[in-house]
$ cat run-v7.csv   # CSV, C-alpha atoms
chain,number,residue,atom,x,y,z
I,1,MET,CA,0.0,0.0,0.0
I,2,LYS,CA,1.2,3.4,-0.9
I,3,ASN,CA,2.0,6.0,1.8
I,4,LEU,CA,-0.2,9.0,1.7
I,5,LYS,CA,0.8,12.5,2.4
I,6,LEU,CA,-1.7,14.9,4.1
I,7,GLU,CA,-2.1,16.9,0.9
I,8,ASP,CA,-3.0,13.7,-1.1
I,9,LEU,CA,-5.7,12.6,1.4
I,10,PRO,CA,-8.6,14.6,-0.2
I,11,LYS,CA,-7.9,13.2,-3.7
I,12,ALA,CA,-7.5,9.7,-2.3
I,13,MET,CA,-10.9,10.0,-0.4
I,14,GLU,CA,-12.5,11.3,-3.6
I,15,ILE,CA,-11.3,8.2,-5.6
I,16,ALA,CA,-12.3,5.9,-2.8
I,17,LEU,CA,-15.8,7.4,-2.6
I,18,GLU,CA,-16.2,7.1,-6.4
I,19,LYS,CA,-15.2,3.5,-6.3
I,20,LEU,CA,-17.6,2.9,-3.4
I,21,SER,CA,-20.4,4.5,-5.4
I,22,ILE,CA,-19.7,2.3,-8.4
I,23,ILE,CA,-19.7,-0.8,-6.2
I,24,GLU,CA,-23.0,0.3,-4.5
I,25,GLN,CA,-24.6,0.8,-7.9
I,26,GLN,CA,-23.5,-2.7,-9.1
I,27,LEU,CA,-24.9,-4.3,-5.9
I,28,ASN,CA,-28.2,-2.5,-6.4
I,29,ASP,CA,-28.4,-3.6,-10.0
I,30,LEU,CA,-27.6,-7.2,-9.0
I,31,LYS,CA,-30.2,-7.1,-6.2
I,32,HIS,CA,-32.9,-5.9,-8.7
I,33,ASN,CA,-32.0,-8.1,-11.6
I,34,PHE,CA,-31.0,-11.3,-9.8
I,35,GLN,CA,-33.0,-14.4,-10.9
I,36,PRO,CA,-32.2,-17.4,-8.7
I,37,LYS,CA,-31.9,-20.6,-10.6
I,38,GLU,CA,-34.7,-23.1,-9.7
I,39,PRO,CA,-33.3,-26.4,-8.4
I,40,ILE,CA,-33.7,-29.4,-10.8
I,41,GLU,CA,-36.3,-31.8,-9.4
I,42,LEU,CA,-35.4,-35.4,-10.3
I,43,ILE,CA,-38.1,-38.1,-10.0
I,44,THR,CA,-37.8,-41.8,-10.2
I,45,ARG,CA,-39.2,-44.1,-12.9
I,46,ASN,CA,-42.1,-45.0,-10.7
I,47,GLU,CA,-42.8,-41.4,-9.8
I,48,ALA,CA,-42.7,-40.4,-13.4
I,49,ALA,CA,-45.1,-43.2,-14.5
I,50,GLU,CA,-47.4,-42.3,-11.6
I,51,TYR,CA,-47.3,-38.6,-12.5
I,52,LEU,CA,-48.1,-39.4,-16.1
I,53,LYS,CA,-50.7,-42.0,-15.1
I,54,ILE,CA,-49.0,-44.6,-17.4
I,55,ASN,CA,-47.5,-48.0,-17.0
I,56,SER,CA,-43.7,-48.3,-16.5
I,57,THR,CA,-43.5,-50.2,-19.8
I,58,THR,CA,-45.0,-47.2,-21.6
I,59,LEU,CA,-42.5,-45.0,-19.8
I,60,TRP,CA,-39.6,-47.2,-21.0
I,61,SER,CA,-41.0,-47.2,-24.5
I,62,TRP,CA,-41.3,-43.4,-24.6
I,63,THR,CA,-37.8,-43.1,-23.3
I,64,ASN,CA,-36.4,-45.4,-26.0
I,65,LYS,CA,-38.3,-43.4,-28.7
I,66,GLY,CA,-36.9,-40.2,-27.4
I,67,LYS,CA,-40.1,-38.7,-26.2
I,68,LEU,CA,-38.7,-38.4,-22.7
I,69,LYS,CA,-35.1,-38.2,-21.6
I,70,ALA,CA,-33.8,-40.3,-18.7
I,71,TYR,CA,-30.8,-39.4,-16.5
I,72,GLY,CA,-28.8,-42.0,-14.7
I,73,ILE,CA,-26.8,-42.3,-11.5
I,74,GLY,CA,-25.3,-45.8,-11.4
I,75,ALA,CA,-28.1,-48.3,-12.3
I,76,ARG,CA,-30.9,-45.8,-11.3
I,77,ARG,CA,-32.8,-43.8,-13.8
I,78,TYR,CA,-34.4,-40.4,-13.1
I,79,TYR,CA,-36.5,-37.9,-15.1
I,80,LYS,CA,-36.6,-34.2,-14.7
I,81,ARG,CA,-40.1,-33.1,-13.8
I,82,SER,CA,-39.7,-29.9,-15.8
I,83,GLU,CA,-38.9,-31.9,-19.0
I,84,ILE,CA,-41.9,-34.2,-18.4
I,85,GLU,CA,-44.2,-31.1,-18.1
I,86,LYS,CA,-42.7,-29.6,-21.3
I,87,CYS,CA,-43.4,-32.8,-23.2
I,88,MET,CA,-47.1,-32.4,-22.6
I,89,VAL,CA,-48.9,-30.8,-25.5
I,90,VAL,CA,-52.3,-29.2,-25.9
I,91,LEU,CA,-54.7,-31.4,-27.8
I,92,LYS,CA,-57.0,-29.9,-30.4
I,93,LYS,CA,-60.7,-30.7,-30.2
$ encode --input "run-v7.csv" --output "structure tokens"
Amino acid sequence: MKNLKLEDLPKAMEIALEKLSIIEQQLNDLKHNFQPKEPIELITRNEAAEYLKINSTTLWSWTNKGKLKAYGIGARRYYKRSEIEKCMVVLKK
């Protein structure tokens, strides 16, 4: 850190206050524009089949056809609830 002389103190304070003002503005912008990321909700095969009111064989078939995407951890398979909801389409009458 640089040694300050008494005559340099007003200019140094002015610079410090300007930087503090910029930081304060950036924090306010962040506070107003911050959009927290929603956590990903993973559900099991059984939960996905129950949610869709289908048989687990149908769920397996839809996954193989690419209608739904499965994610795995070890031998377990999970589905993202948000992706299941996005796959649903509005039916025309």
$ closest_residue --input "run-v7.csv" --among "I:Leu59, I:Leu52, I:Tyr71, I:Leu4" --to "Met88 in chain I" --atoms "all atoms listed in the file"
I:Leu52
$ residues_near_point --input "run-v7.csv" --point "(-31.4, -34.2, -10.9)" --cutoff "10 Å" --atoms "all atoms listed in the file" --output "JSON, numbers by chain"
{"I": [39, 40, 41, 42, 43, 44, 71, 72, 73, 78, 79, 80, 81]}
$ atom_distance --input "run-v7.csv" --atom1 "CA of Glu38 in chain I" --atom2 "CA of Ile84 in chain I"
15.8 Å
$ closest_residue --input "run-v7.csv" --among "I:Gln25, I:Asn55, I:Ser82, I:Asn3" --to "Leu68 in chain I" --atoms "all atoms listed in the file"
I:Ser82
$ atom_distance --input "run-v7.csv" --atom1 "CA of Leu17 in chain I" --atom2 "CA of Leu30 in chain I"
19.8 Å
$ closest_residue --input "run-v7.csv" --among "I:Asn64, I:Lys19, I:Gln35, I:Glu85" --to "Ala48 in chain I" --atoms "only C-alpha atoms"
I:Glu85
$ axis_aligned_box --input "run-v7.csv" --around "range 65-81 of chain I" --padding-each-side "6 Å" --output "lines of an AutoDock Vina configuration file"
center_x = -32.7
center_y = -40.7
center_z = -20.0
size_x = 26.8
size_y = 27.2
size_z = 29.4
$ atom_distance --input "run-v7.csv" --atom1 "CA of Ile54 in chain I" --atom2 "CA of Cys87 in chain I"
14.3 Å
